[in-house]
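Worksheet: one structure, shown below.
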Amino acid sequence: MNCTKDYCVKDINLAPEGEKKIDWVSRFMPVLQSIKRDFEKEKPFEGVRIAACLHLEMKTAFLALTLKAGGAEVALTASNPLSTQDDVVAALAKAGIKVYAWRGEDTEAYYENMHKALDIKPNILIDDGADMVSVVHRERQELIENIWGASEETTTGVIRLRAMEKDGVLKFPIIAVNDSYTKYLFDNRYGTGQSTWDGIIRTTNLLVAGKNVVVVGYGWCGRGIALRARGLGATVIVVEVDSIRALEARMDGFLVMPMREAAKIGDIFITATGDINCIRKEHFEVMKDGVIMANAGHFDVEISKPDLESLAVEISNPRPHITEYRLKDGRRLYLLAEGRLVNLAAADGHPAEIMDMSFALQAMAAKYIKDNHERLEPRVYILPREIDEMIARIKLKAMGIDIEELTEEQKKYLESWEHGT
């Protein structure tokens with residue numbers, strides 16, 4: 001381990017490989033490139049301290065470098081112990097960004113590193129899962145007076161933060177980046193859809209076509225996973241607790257049933273709910289031999305590992321990122337990436353073109369907090385639609401796509417109430 005007061009990484013000598021990775025993805029992130037150029041000119045974060053708890057991989061690294069280009073002092077820590085890329089964090093440390101993380105850190109190190117990042121006394125937090133915001137409220141309350149606000153990347157994190165707002169304990173404003181159009185319509189659906197299957201296929205090297213794939217949760221992430229599963233030739237079964245989403249899944253052409261039924265016929269199970277114990281003991285007991293289970297939700301609680309361990313007579317690792325649980329009757333159930341985010345723990349996460357939009361939103365959210373914190377209350381906010389539209393315009397331009405424009409006559413018609421049948 002290489003540690004100084006400004007970084008703690010596994011091996012600082014891995015930096016050159018990390019630099020290559022960051023350079024590669026930055027080529028496919030035109031929106032963030034545009035914002036970075038603006039930040040370099042305007043220096044909106046001169047004298048501003050930003051602490052972030054994110055998945056520390058190559059796309060995140062380009063966000064950190066964009067914030068630094070805007071004049072910010074940036075300190076990073078990992079939001080998941082299995083998603084950190086050690087060469088990338090080494091490259092960030094070499095670039096002058098404070099970073100405290102390594103792949104495989106235990107829970108104690110996870111929180112120690114978070115506190116190190118918070119020691120810069122940040123003005124702005126960028127969070128993924130709301131752990132950093134939670135730690136500040138529970139353990140580092142002395143920092144609150146200096147914090148202007150925070151932004152949150154994930155559905156899971158926004159759920160936690162809205163609960164804090166509802167309970168009246170939230171002490172500073174939150175920007176729910178996850179709830180912006182150019183985040184959830186693309187990141188959650190197309191990003192999660194592709195990267196989840198990338199993680200599963202890389203890890204197992206098994207065929208998807210012809211299998212029964214059970215998608216647990218039909219939010220935007222679940223929609224994306226189900227869509228890609230159908231494209232790969234699977235029969236898709238959706239498990240949902242929300243009647244409207246369940247109806248939508250059926251109208252989208254998927255089978256819908258309770259987990260107690262799906263557990264008997266599924267070959268591959270993928271959770272994407274943000275809730276605990278969606279697949280548990282009574283489901284494991286009726287599963288087929290050789291079932292594959294993976295999680296695409298933020299925390300490793302959706303598939304009950306304690307229940308798996310209680311049922312198993314032997315636990316082994318037949319391949320990297322695969323845990324085999326052999327039951328008394330000889331059946332074998334396989335859990336990928338220890339039940340953590342399979343797309344990041346066992347692959348490289350979302351494609352660069354998708355994270356381009358998500359991290360452009362994070363960069364603009366930080367600027368929005370800096371410019372507006374004096375009038376924002378301790379609530380959960382969504383970024384103005386104009387920012388979504390700006391990001392979409394830059395993305396379309398980079399893709400070489402022109403869109404239609406309204407004529408003056410059309411604008412007038414849409415703004416009028418006088419035209420009738």
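Order determines the names: the first chain of the structure tokens is A, the second B, and so forth; residues in each chain are numbered 1 upward, and ligands are numbered 1 upward as they are shown.
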Q. Which residues, written as JSON, numbers by chain, have at least one atom at most 7 Å from Ile292 of chain A, with only C-alpha atoms counted and residues fewer than 2 positions away on the same chain left out?
A. {"A": [267, 268, 269, 290, 294, 333, 334, 335]}
Given the selection you just returned, output its residues as a file containing all heavy atoms, formatted as a PDB file, in the first residue's frame.
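Final file, result-v9.pdb:
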ATOM      1  N   ASP A 267     -33.498 -19.414 -14.512  1.00  0.00           N
ATOM      2  CA  ASP A 267     -32.118 -19.863 -14.700  1.00  0.00           C
ATOM      3  C   ASP A 267     -31.127 -18.790 -14.265  1.00  0.00           C
ATOM      4  O   ASP A 267     -30.072 -19.094 -13.711  1.00  0.00           O
ATOM      5  CB  ASP A 267     -31.870 -20.198 -16.174  1.00  0.00           C
ATOM      6  CG  ASP A 267     -32.765 -21.314 -16.674  1.00  0.00           C
ATOM      7  OD1 ASP A 267     -32.707 -22.407 -16.086  1.00  0.00           O
ATOM      8  OD2 ASP A 267     -33.535 -21.080 -17.633  1.00  0.00           O
ATOM      9  N   ILE A 268     -31.468 -17.534 -14.536  1.00  0.00           N
ATOM     10  CA  ILE A 268     -30.635 -16.392 -14.141  1.00  0.00           C
ATOM     11  C   ILE A 268     -31.540 -15.405 -13.423  1.00  0.00           C
ATOM     12  O   ILE A 268     -32.610 -15.038 -13.935  1.00  0.00           O
ATOM     13  CB  ILE A 268     -29.975 -15.722 -15.362  1.00  0.00           C
ATOM     14  CG1 ILE A 268     -29.102 -16.718 -16.129  1.00  0.00           C
ATOM     15  CG2 ILE A 268     -29.143 -14.515 -14.929  1.00  0.00           C
ATOM     16  CD1 ILE A 268     -28.539 -16.160 -17.436  1.00  0.00           C
ATOM     17  N   PHE A 269     -31.113 -14.953 -12.253  1.00  0.00           N
ATOM     18  CA  PHE A 269     -31.882 -13.989 -11.454  1.00  0.00           C
ATOM     19  C   PHE A 269     -31.058 -12.715 -11.301  1.00  0.00           C
ATOM     20  O   PHE A 269     -29.878 -12.776 -10.948  1.00  0.00           O
ATOM     21  CB  PHE A 269     -32.191 -14.558 -10.066  1.00  0.00           C
ATOM     22  CG  PHE A 269     -33.129 -15.737 -10.074  1.00  0.00           C
ATOM     23  CD1 PHE A 269     -32.677 -17.005 -10.424  1.00  0.00           C
ATOM     24  CD2 PHE A 269     -34.464 -15.576  -9.731  1.00  0.00           C
ATOM     25  CE1 PHE A 269     -33.540 -18.090 -10.433  1.00  0.00           C
ATOM     26  CE2 PHE A 269     -35.333 -16.664  -9.737  1.00  0.00           C
ATOM     27  CZ  PHE A 269     -34.867 -17.927 -10.089  1.00  0.00           C
ATOM     28  N   GLY A 290     -27.809 -25.141 -10.454  1.00  0.00           N
ATOM     29  CA  GLY A 290     -27.038 -24.350 -11.405  1.00  0.00           C
ATOM     30  C   GLY A 290     -27.527 -22.940 -11.640  1.00  0.00           C
ATOM     31  O   GLY A 290     -27.047 -22.261 -12.557  1.00  0.00           O
ATOM     32  N   ALA A 294     -27.358 -12.543  -9.662  1.00  0.00           N
ATOM     33  CA  ALA A 294     -26.541 -11.330  -9.701  1.00  0.00           C
ATOM     34  C   ALA A 294     -27.375 -10.153  -9.229  1.00  0.00           C
ATOM     35  O   ALA A 294     -28.612 -10.166  -9.327  1.00  0.00           O
ATOM     36  CB  ALA A 294     -26.022 -11.083 -11.117  1.00  0.00           C
ATOM     37  N   LEU A 333     -25.999 -23.395  -6.193  1.00  0.00           N
ATOM     38  CA  LEU A 333     -26.488 -22.052  -6.532  1.00  0.00           C
ATOM     39  C   LEU A 333     -25.277 -21.130  -6.617  1.00  0.00           C
ATOM     40  O   LEU A 333     -24.391 -21.179  -5.755  1.00  0.00           O
ATOM     41  CB  LEU A 333     -27.467 -21.545  -5.475  1.00  0.00           C
ATOM     42  CG  LEU A 333     -28.647 -22.466  -5.120  1.00  0.00           C
ATOM     43  CD1 LEU A 333     -29.544 -21.794  -4.094  1.00  0.00           C
ATOM     44  CD2 LEU A 333     -29.439 -22.847  -6.365  1.00  0.00           C
ATOM     45  N   TYR A 334     -25.250 -20.291  -7.644  1.00  0.00           N
ATOM     46  CA  TYR A 334     -24.081 -19.443  -7.888  1.00  0.00           C
ATOM     47  C   TYR A 334     -24.434 -17.965  -7.707  1.00  0.00           C
ATOM     48  O   TYR A 334     -25.386 -17.456  -8.312  1.00  0.00           O
ATOM     49  CB  TYR A 334     -23.559 -19.668  -9.302  1.00  0.00           C
ATOM     50  CG  TYR A 334     -23.094 -21.083  -9.533  1.00  0.00           C
ATOM     51  CD1 TYR A 334     -23.845 -21.970 -10.313  1.00  0.00           C
ATOM     52  CD2 TYR A 334     -21.911 -21.556  -8.970  1.00  0.00           C
ATOM     53  CE1 TYR A 334     -23.422 -23.270 -10.528  1.00  0.00           C
ATOM     54  CE2 TYR A 334     -21.480 -22.860  -9.171  1.00  0.00           C
ATOM     55  CZ  TYR A 334     -22.246 -23.711  -9.949  1.00  0.00           C
ATOM     56  OH  TYR A 334     -21.823 -25.007 -10.149  1.00  0.00           O
ATOM     57  N   LEU A 335     -23.642 -17.284  -6.885  1.00  0.00           N
ATOM     58  CA  LEU A 335     -23.806 -15.847  -6.657  1.00  0.00           C
ATOM     59  C   LEU A 335     -22.617 -15.122  -7.261  1.00  0.00           C
ATOM     60  O   LEU A 335     -21.459 -15.458  -6.981  1.00  0.00           O
ATOM     61  CB  LEU A 335     -23.890 -15.555  -5.151  1.00  0.00           C
ATOM     62  CG  LEU A 335     -24.029 -14.081  -4.762  1.00  0.00           C
ATOM     63  CD1 LEU A 335     -25.367 -13.515  -5.250  1.00  0.00           C
ATOM     64  CD2 LEU A 335     -23.907 -13.914  -3.241  1.00  0.00           C
TER      65      LEU A 335
END
Show me, as CSV, the residues of segment 267-366 of chain A having an atom within 10 Å of segment 145-157 of chain A, each with the closest atom pair and its distance in Å, using only C-alpha atoms.
residue,atom,partner,partner_atom,distance
A:Ala272,CA,A:Thr156,CA,9.9
A:Thr273,CA,A:Thr156,CA,8.3
A:Gly274,CA,A:Thr156,CA,5.3
A:Asp275,CA,A:Thr156,CA,8.3
A:Gly297,CA,A:Thr156,CA,7.7
A:His298,CA,A:Thr156,CA,6.4
A:Phe299,CA,A:Thr156,CA,8.3
A:Ser358,CA,A:Glu153,CA,8.1
A:Phe359,CA,A:Glu153,CA,9.0
A:Leu361,CA,A:Glu153,CA,9.4
A:Gln362,CA,A:Ser151,CA,7.0
A:Ala363,CA,A:Ser151,CA,9.6
A:Ala365,CA,A:Ser151,CA,6.6
A:Ala366,CA,A:Ser151,CA,7.3
Q.
So that I can see what lies close to Val89 of chain A, please list as a PyMOL selection string the residues with an atom at most 8 Å from it, counting only C-alpha atoms and leaving out residues fewer than 6 positions away in the same chain.
A. chain A and resi 9+15+18+56-57+61+99+101-102
For the residues selected in the previous step, produce a file with N, CA and C atoms as an mmCIF file, in the first residue's frame.
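Final file, again.cif:
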data_model
loop_
_atom_site.group_PDB
_atom_site.id
_atom_site.type_symbol
_atom_site.label_atom_id
_atom_site.label_comp_id
_atom_site.auth_asym_id
_atom_site.auth_seq_id
_atom_site.Cartn_x
_atom_site.Cartn_y
_atom_site.Cartn_z
ATOM 1 N N VAL A 9 -3.299 4.504 -1.894
ATOM 2 C CA VAL A 9 -3.656 3.628 -3.006
ATOM 3 C C VAL A 9 -2.822 2.358 -2.927
ATOM 4 N N ALA A 15 0.059 4.030 -12.088
ATOM 5 C CA ALA A 15 -0.514 5.244 -12.676
ATOM 6 C C ALA A 15 -0.492 5.282 -14.205
ATOM 7 N N GLY A 18 -3.417 3.498 -15.615
ATOM 8 C CA GLY A 18 -4.633 4.235 -15.310
ATOM 9 C C GLY A 18 -4.815 5.440 -16.216
ATOM 10 N N LEU A 56 -14.806 4.341 -8.179
ATOM 11 C CA LEU A 56 -13.568 4.947 -8.657
ATOM 12 C C LEU A 56 -12.996 4.140 -9.823
ATOM 13 N N GLU A 57 -13.546 4.424 -10.989
ATOM 14 C CA GLU A 57 -13.097 3.804 -12.229
ATOM 15 C C GLU A 57 -12.843 4.918 -13.236
ATOM 16 N N ALA A 61 -13.013 9.082 -13.005
ATOM 17 C CA ALA A 61 -11.741 9.820 -12.990
ATOM 18 C C ALA A 61 -11.816 11.056 -13.871
ATOM 19 N N VAL A 99 -6.997 11.042 -3.060
ATOM 20 C CA VAL A 99 -7.794 9.842 -3.267
ATOM 21 C C VAL A 99 -7.371 8.774 -2.270
ATOM 22 N N ALA A 101 -8.450 4.974 -1.589
ATOM 23 C CA ALA A 101 -9.246 3.804 -1.963
ATOM 24 C C ALA A 101 -8.360 2.747 -2.599
ATOM 25 N N TRP A 102 -8.765 1.492 -2.457
ATOM 26 C CA TRP A 102 -8.136 0.390 -3.174
ATOM 27 C C TRP A 102 -9.168 -0.723 -3.302
#
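Between atom CA of Arg189 of chain A and atom CA of Trp220 of chain A lies a distance of 5.1 Å.
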Q) When distances are computed from only C-alpha atoms, which of A:Tyr218, A:Thr192, A:Thr203, A:Arg260 shows the smallest separation from Leu247 of chain A? A) A:Tyr218
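Near Ala52 of chain A, within a cut-off of 9 Å and counting only C-alpha atoms, sit the residues Ile50, Leu54, Ala64, Val74, Ala75, Leu76, Thr77, Ala78, Ser79, Met114, Ala117, Leu118, Ile124, Leu125, Ile126, Asp127, Asp128 and Met132 of chain A, with same-chain residues fewer than 2 positions away left out.
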Determine, counting only C-alpha atoms, which protein, DNA and RNA residues have an atom within 8 Å of an atom of Leu170 of chain A; residues of the same chain fewer than 3 positions away are not included. Present the result as a CSV table (one decimal) with N, CA and C atoms, in the first residue's frame.
chain,number,residue,atom,x,y,z
A,137,HIS,N,-23.9,13.4,8.7
A,137,HIS,CA,-25.0,13.6,9.6
A,137,HIS,C,-24.8,12.9,10.9
A,161,LEU,N,-32.2,9.7,1.0
A,161,LEU,CA,-32.1,11.1,1.3
A,161,LEU,C,-33.5,11.7,1.4
A,164,MET,N,-34.6,11.0,4.8
A,164,MET,CA,-34.0,12.0,5.7
A,164,MET,C,-34.8,13.3,5.7
A,165,GLU,N,-35.2,13.7,4.5
A,165,GLU,CA,-35.9,15.0,4.4
A,165,GLU,C,-37.3,14.8,5.1
A,167,ASP,N,-38.1,12.8,7.5
A,167,ASP,CA,-37.9,12.8,9.0
A,167,ASP,C,-37.4,14.1,9.6
A,173,PRO,N,-29.0,21.1,1.5
A,173,PRO,CA,-29.7,20.7,0.3
A,173,PRO,C,-29.1,19.6,-0.5
A,378,PRO,N,-32.7,22.9,3.2
A,378,PRO,CA,-32.4,21.5,3.4
A,378,PRO,C,-33.4,20.5,2.8
A,379,ARG,N,-33.5,20.4,1.5
A,379,ARG,CA,-34.5,19.6,0.8
A,379,ARG,C,-33.8,18.9,-0.3
Just the residues within 8 Å of Arg202 of chain A, please, counting only C-alpha atoms, with nothing from its chain fewer than 3 positions along; format it as a compact mmCIF listing (two decimals) with N, CA, C and O atoms, in the first residue's frame.
# COMPACT_ATOMS: atom_id res chain seq x y z
N ASP A 198 -22.92 -7.32 -19.41
CA ASP A 198 -21.48 -7.40 -19.62
C ASP A 198 -20.82 -8.11 -18.44
O ASP A 198 -20.01 -9.04 -18.62
N GLY A 199 -21.19 -7.72 -17.22
CA GLY A 199 -20.62 -8.35 -16.02
C GLY A 199 -20.97 -9.83 -15.92
O GLY A 199 -20.12 -10.66 -15.59
N ASN A 205 -19.29 -16.76 -18.81
CA ASN A 205 -19.06 -17.29 -20.15
C ASN A 205 -20.16 -18.29 -20.54
O ASN A 205 -19.91 -19.30 -21.19
N ALA A 346 -17.56 -6.85 -11.40
CA ALA A 346 -17.08 -7.90 -12.30
C ALA A 346 -16.87 -7.41 -13.72
O ALA A 346 -16.59 -8.20 -14.61
N ALA A 347 -17.01 -6.11 -13.93
CA ALA A 347 -16.79 -5.53 -15.27
C ALA A 347 -16.38 -4.07 -15.09
O ALA A 347 -15.95 -3.66 -14.01
Q. Counting only C-alpha atoms, what is within 9 Å of Glu19 of chain A, bar same-chain residues fewer than 4 positions away, as a VMD selection string?
A. chain A and resid 14 to 15 23 to 24 58 87 to 88 90 to 92
Contacts between segment 28-34 of chain A and segment 260-364 of chain A, please, where a residue of segment 260-364 of chain A counts if it comes within 8 Å (with only C-alpha atoms); show its shortest atom pair and distance in Å to one decimal, rows by chain and ascending number, as CSV.
residue,atom,partner,partner_atom,distance
A:Ala352,CA,A:Phe28,CA,6.0
A:Glu353,CA,A:Met29,CA,5.7
A:Met355,CA,A:Met29,CA,7.7
A:Asp356,CA,A:Met29,CA,4.7
A:Met357,CA,A:Val31,CA,6.6
A:Phe359,CA,A:Leu32,CA,7.1
A:Ala360,CA,A:Leu32,CA,5.1
Q: Select from segment 118-219 of chain A everything DSSP, run on the backbone, classes as alpha helix (DSSP H), then give the selection as a VMD selection string.
A: chain A and resid 118 131 to 139 155 to 166 181 to 183 192 to 204
How would the residues just picked look written out with N, CA and C atoms as a tab-separated table (two decimals), in the first residue's frame?
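The resulting selection.tsv:
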chain	number	residue	atom	x	y	z
A	118	LEU	N	-13.23	13.40	3.85
A	118	LEU	CA	-14.01	14.47	4.50
A	118	LEU	C	-13.13	15.44	5.27
A	131	ASP	N	-23.98	7.21	1.43
A	131	ASP	CA	-23.17	6.87	2.60
A	131	ASP	C	-22.41	8.08	3.14
A	132	MET	N	-21.85	8.91	2.26
A	132	MET	CA	-21.07	10.05	2.72
A	132	MET	C	-21.96	11.07	3.43
A	133	VAL	N	-23.12	11.35	2.83
A	133	VAL	CA	-24.07	12.27	3.48
A	133	VAL	C	-24.48	11.71	4.84
A	134	SER	N	-24.72	10.41	4.91
A	134	SER	CA	-25.13	9.78	6.16
A	134	SER	C	-24.03	9.88	7.22
A	135	VAL	N	-22.79	9.63	6.83
A	135	VAL	CA	-21.67	9.71	7.78
A	135	VAL	C	-21.51	11.13	8.31
A	136	VAL	N	-21.67	12.12	7.44
A	136	VAL	CA	-21.58	13.51	7.90
A	136	VAL	C	-22.66	13.80	8.94
A	137	HIS	N	-23.87	13.35	8.69
A	137	HIS	CA	-24.97	13.62	9.62
A	137	HIS	C	-24.82	12.86	10.94
A	138	ARG	N	-24.21	11.67	10.88
A	138	ARG	CA	-24.10	10.86	12.10
A	138	ARG	C	-22.81	11.10	12.87
A	139	GLU	N	-21.70	11.29	12.15
A	139	GLU	CA	-20.39	11.29	12.81
A	139	GLU	C	-19.55	12.55	12.60
A	155	THR	N	-30.59	5.79	-7.50
A	155	THR	CA	-31.96	5.63	-7.00
A	155	THR	C	-31.94	5.29	-5.51
A	156	THR	N	-31.10	4.35	-5.12
A	156	THR	CA	-30.99	3.93	-3.72
A	156	THR	C	-30.66	5.12	-2.83
A	157	GLY	N	-29.69	5.92	-3.24
A	157	GLY	CA	-29.29	7.08	-2.45
A	157	GLY	C	-30.41	8.10	-2.32
A	158	VAL	N	-31.12	8.35	-3.42
A	158	VAL	CA	-32.21	9.33	-3.38
A	158	VAL	C	-33.31	8.85	-2.44
A	159	ILE	N	-33.60	7.55	-2.44
A	159	ILE	CA	-34.60	7.01	-1.51
A	159	ILE	C	-34.19	7.30	-0.07
A	160	ARG	N	-32.93	7.07	0.26
A	160	ARG	CA	-32.44	7.33	1.63
A	160	ARG	C	-32.53	8.81	1.98
A	161	LEU	N	-32.17	9.66	1.02
A	161	LEU	CA	-32.15	11.10	1.28
A	161	LEU	C	-33.54	11.68	1.40
A	162	ARG	N	-34.47	11.17	0.60
A	162	ARG	CA	-35.86	11.64	0.76
A	162	ARG	C	-36.42	11.19	2.11
A	163	ALA	N	-35.99	10.04	2.60
A	163	ALA	CA	-36.40	9.59	3.93
A	163	ALA	C	-35.85	10.54	5.00
A	164	MET	N	-34.61	11.00	4.82
A	164	MET	CA	-34.02	11.96	5.75
A	164	MET	C	-34.79	13.28	5.72
A	165	GLU	N	-35.15	13.72	4.52
A	165	GLU	CA	-35.94	14.96	4.41
A	165	GLU	C	-37.28	14.80	5.10
A	166	LYS	N	-37.94	13.66	4.86
A	166	LYS	CA	-39.25	13.41	5.46
A	166	LYS	C	-39.17	13.39	6.98
A	181	TYR	N	-33.68	13.80	-16.31
A	181	TYR	CA	-34.02	13.01	-17.50
A	181	TYR	C	-32.79	12.38	-18.14
A	182	THR	N	-31.73	13.18	-18.32
A	182	THR	CA	-30.56	12.65	-19.03
A	182	THR	C	-29.72	11.74	-18.15
A	183	LYS	N	-30.21	11.46	-16.94
A	183	LYS	CA	-29.60	10.42	-16.12
A	183	LYS	C	-30.44	9.16	-16.20
A	192	THR	N	-27.30	0.54	-17.33
A	192	THR	CA	-27.45	-0.65	-16.49
A	192	THR	C	-27.80	-1.88	-17.33
A	193	GLY	N	-28.66	-1.67	-18.33
A	193	GLY	CA	-29.04	-2.79	-19.18
A	193	GLY	C	-27.84	-3.46	-19.82
A	194	GLN	N	-26.95	-2.66	-20.41
A	194	GLN	CA	-25.80	-3.25	-21.09
A	194	GLN	C	-24.74	-3.72	-20.12
A	195	SER	N	-24.40	-2.89	-19.13
A	195	SER	CA	-23.26	-3.21	-18.27
A	195	SER	C	-23.55	-4.38	-17.33
A	196	THR	N	-24.80	-4.56	-16.93
A	196	THR	CA	-25.15	-5.71	-16.09
A	196	THR	C	-24.90	-7.01	-16.86
A	197	TRP	N	-25.34	-7.05	-18.09
A	197	TRP	CA	-25.11	-8.25	-18.89
A	197	TRP	C	-23.64	-8.42	-19.24
A	198	ASP	N	-22.92	-7.32	-19.41
A	198	ASP	CA	-21.48	-7.40	-19.62
A	198	ASP	C	-20.82	-8.11	-18.44
A	199	GLY	N	-21.19	-7.72	-17.22
A	199	GLY	CA	-20.62	-8.35	-16.02
A	199	GLY	C	-20.97	-9.83	-15.92
A	200	ILE	N	-22.22	-10.16	-16.20
A	200	ILE	CA	-22.67	-11.56	-16.09
A	200	ILE	C	-21.99	-12.44	-17.14
A	201	ILE	N	-21.96	-11.96	-18.37
A	201	ILE	CA	-21.39	-12.77	-19.45
A	201	ILE	C	-19.88	-12.92	-19.30
A	202	ARG	N	-19.19	-11.82	-18.93
A	202	ARG	CA	-17.74	-11.91	-18.69
A	202	ARG	C	-17.43	-12.94	-17.61
A	203	THR	N	-18.23	-12.91	-16.56
A	203	THR	CA	-17.95	-13.73	-15.38
A	203	THR	C	-18.26	-15.21	-15.62
A	204	THR	N	-19.36	-15.50	-16.29
A	204	THR	CA	-19.81	-16.89	-16.42
A	204	THR	C	-19.42	-17.54	-17.74
Residues of segment 79-170 of chain A in strand (DSSP E) according to DSSP, as an mmCIF file with all heavy atoms, in the first residue's frame?
data_model
loop_
_atom_site.group_PDB
_atom_site.id
_atom_site.type_symbol
_atom_site.label_atom_id
_atom_site.label_comp_id
_atom_site.auth_asym_id
_atom_site.auth_seq_id
_atom_site.Cartn_x
_atom_site.Cartn_y
_atom_site.Cartn_z
ATOM 1 N N LYS A 98 -6.675 14.246 -4.307
ATOM 2 C CA LYS A 98 -6.619 13.449 -3.082
ATOM 3 C C LYS A 98 -7.536 12.236 -3.262
ATOM 4 O O LYS A 98 -8.710 12.382 -3.590
ATOM 5 C CB LYS A 98 -7.057 14.283 -1.878
ATOM 6 C CG LYS A 98 -6.092 15.418 -1.528
ATOM 7 C CD LYS A 98 -6.615 16.216 -0.336
ATOM 8 C CE LYS A 98 -5.568 17.191 0.185
ATOM 9 N NZ LYS A 98 -5.214 18.234 -0.796
ATOM 10 N N VAL A 99 -6.997 11.042 -3.060
ATOM 11 C CA VAL A 99 -7.794 9.842 -3.267
ATOM 12 C C VAL A 99 -7.371 8.774 -2.270
ATOM 13 O O VAL A 99 -6.189 8.533 -2.065
ATOM 14 C CB VAL A 99 -7.668 9.340 -4.734
ATOM 15 C CG1 VAL A 99 -6.226 9.087 -5.131
ATOM 16 C CG2 VAL A 99 -8.522 8.107 -4.971
ATOM 17 N N TYR A 100 -8.380 8.166 -1.650
ATOM 18 C CA TYR A 100 -8.132 7.177 -0.599
ATOM 19 C C TYR A 100 -9.004 5.951 -0.891
ATOM 20 O O TYR A 100 -10.177 5.892 -0.513
ATOM 21 C CB TYR A 100 -8.478 7.773 0.763
ATOM 22 C CG TYR A 100 -7.838 9.125 1.005
ATOM 23 C CD1 TYR A 100 -8.533 10.310 0.720
ATOM 24 C CD2 TYR A 100 -6.534 9.221 1.479
ATOM 25 C CE1 TYR A 100 -7.947 11.547 0.931
ATOM 26 C CE2 TYR A 100 -5.931 10.463 1.681
ATOM 27 C CZ TYR A 100 -6.638 11.608 1.392
ATOM 28 O OH TYR A 100 -6.044 12.841 1.582
ATOM 29 N N ILE A 124 -18.875 21.028 -0.928
ATOM 30 C CA ILE A 124 -19.827 20.267 -1.744
ATOM 31 C C ILE A 124 -19.489 18.777 -1.635
ATOM 32 O O ILE A 124 -18.315 18.405 -1.641
ATOM 33 C CB ILE A 124 -19.757 20.703 -3.224
ATOM 34 C CG1 ILE A 124 -20.159 22.187 -3.367
ATOM 35 C CG2 ILE A 124 -20.644 19.827 -4.108
ATOM 36 C CD1 ILE A 124 -19.888 22.764 -4.750
ATOM 37 N N LEU A 125 -20.535 17.950 -1.533
ATOM 38 C CA LEU A 125 -20.367 16.504 -1.543
ATOM 39 C C LEU A 125 -20.982 15.944 -2.823
ATOM 40 O O LEU A 125 -22.023 16.418 -3.281
ATOM 41 C CB LEU A 125 -21.067 15.851 -0.350
ATOM 42 C CG LEU A 125 -20.748 16.366 1.059
ATOM 43 C CD1 LEU A 125 -21.566 15.589 2.089
ATOM 44 C CD2 LEU A 125 -19.273 16.261 1.354
ATOM 45 N N ILE A 126 -20.333 14.932 -3.390
ATOM 46 C CA ILE A 126 -20.913 14.167 -4.492
ATOM 47 C C ILE A 126 -20.976 12.722 -4.025
ATOM 48 O O ILE A 126 -19.952 12.125 -3.707
ATOM 49 C CB ILE A 126 -20.073 14.287 -5.774
ATOM 50 C CG1 ILE A 126 -19.949 15.760 -6.198
ATOM 51 C CG2 ILE A 126 -20.707 13.468 -6.896
ATOM 52 C CD1 ILE A 126 -19.066 15.973 -7.420
ATOM 53 N N ASP A 127 -22.188 12.164 -3.976
ATOM 54 C CA ASP A 127 -22.377 10.876 -3.321
ATOM 55 C C ASP A 127 -23.004 9.859 -4.271
ATOM 56 O O ASP A 127 -23.680 10.214 -5.239
ATOM 57 C CB ASP A 127 -23.282 11.054 -2.094
ATOM 58 C CG ASP A 127 -22.908 10.139 -0.940
ATOM 59 O OD1 ASP A 127 -22.114 9.212 -1.152
ATOM 60 O OD2 ASP A 127 -23.423 10.356 0.178
ATOM 61 N N GLY A 149 -24.044 21.965 0.027
ATOM 62 C CA GLY A 149 -25.015 21.021 -0.493
ATOM 63 C C GLY A 149 -24.316 19.788 -1.041
ATOM 64 O O GLY A 149 -23.086 19.695 -1.035
ATOM 65 N N ALA A 150 -25.114 18.841 -1.514
ATOM 66 C CA ALA A 150 -24.586 17.581 -2.050
ATOM 67 C C ALA A 150 -25.418 17.148 -3.243
ATOM 68 O O ALA A 150 -26.565 17.579 -3.409
ATOM 69 C CB ALA A 150 -24.605 16.498 -0.971
ATOM 70 N N SER A 151 -24.834 16.294 -4.074
ATOM 71 C CA SER A 151 -25.588 15.690 -5.176
ATOM 72 C C SER A 151 -25.529 14.176 -5.019
ATOM 73 O O SER A 151 -24.565 13.641 -4.486
ATOM 74 C CB SER A 151 -25.024 16.114 -6.530
ATOM 75 O OG SER A 151 -23.670 15.722 -6.660
ATOM 76 N N GLU A 152 -26.571 13.502 -5.488
ATOM 77 C CA GLU A 152 -26.681 12.048 -5.326
ATOM 78 C C GLU A 152 -26.913 11.379 -6.679
ATOM 79 O O GLU A 152 -27.769 11.795 -7.458
ATOM 80 C CB GLU A 152 -27.813 11.698 -4.365
ATOM 81 C CG GLU A 152 -28.173 10.224 -4.282
ATOM 82 C CD GLU A 152 -26.997 9.319 -3.952
ATOM 83 O OE1 GLU A 152 -26.243 9.657 -3.013
ATOM 84 O OE2 GLU A 152 -26.827 8.289 -4.631
#
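Across the structure, atom CA of Pro320 of chain A and atom CA of Tyr190 of chain A are spaced 25.9 Å apart.
The space separating atom CA of Ile120 of chain A from atom CA of Cys8 of chain A comes to 14.7 Å.
Using only C-alpha atoms, the nearest neighbour of Asn80 of chain A within the list A:Ala130, A:Ile401, A:Met1, A:Val214 is A:Ala130.
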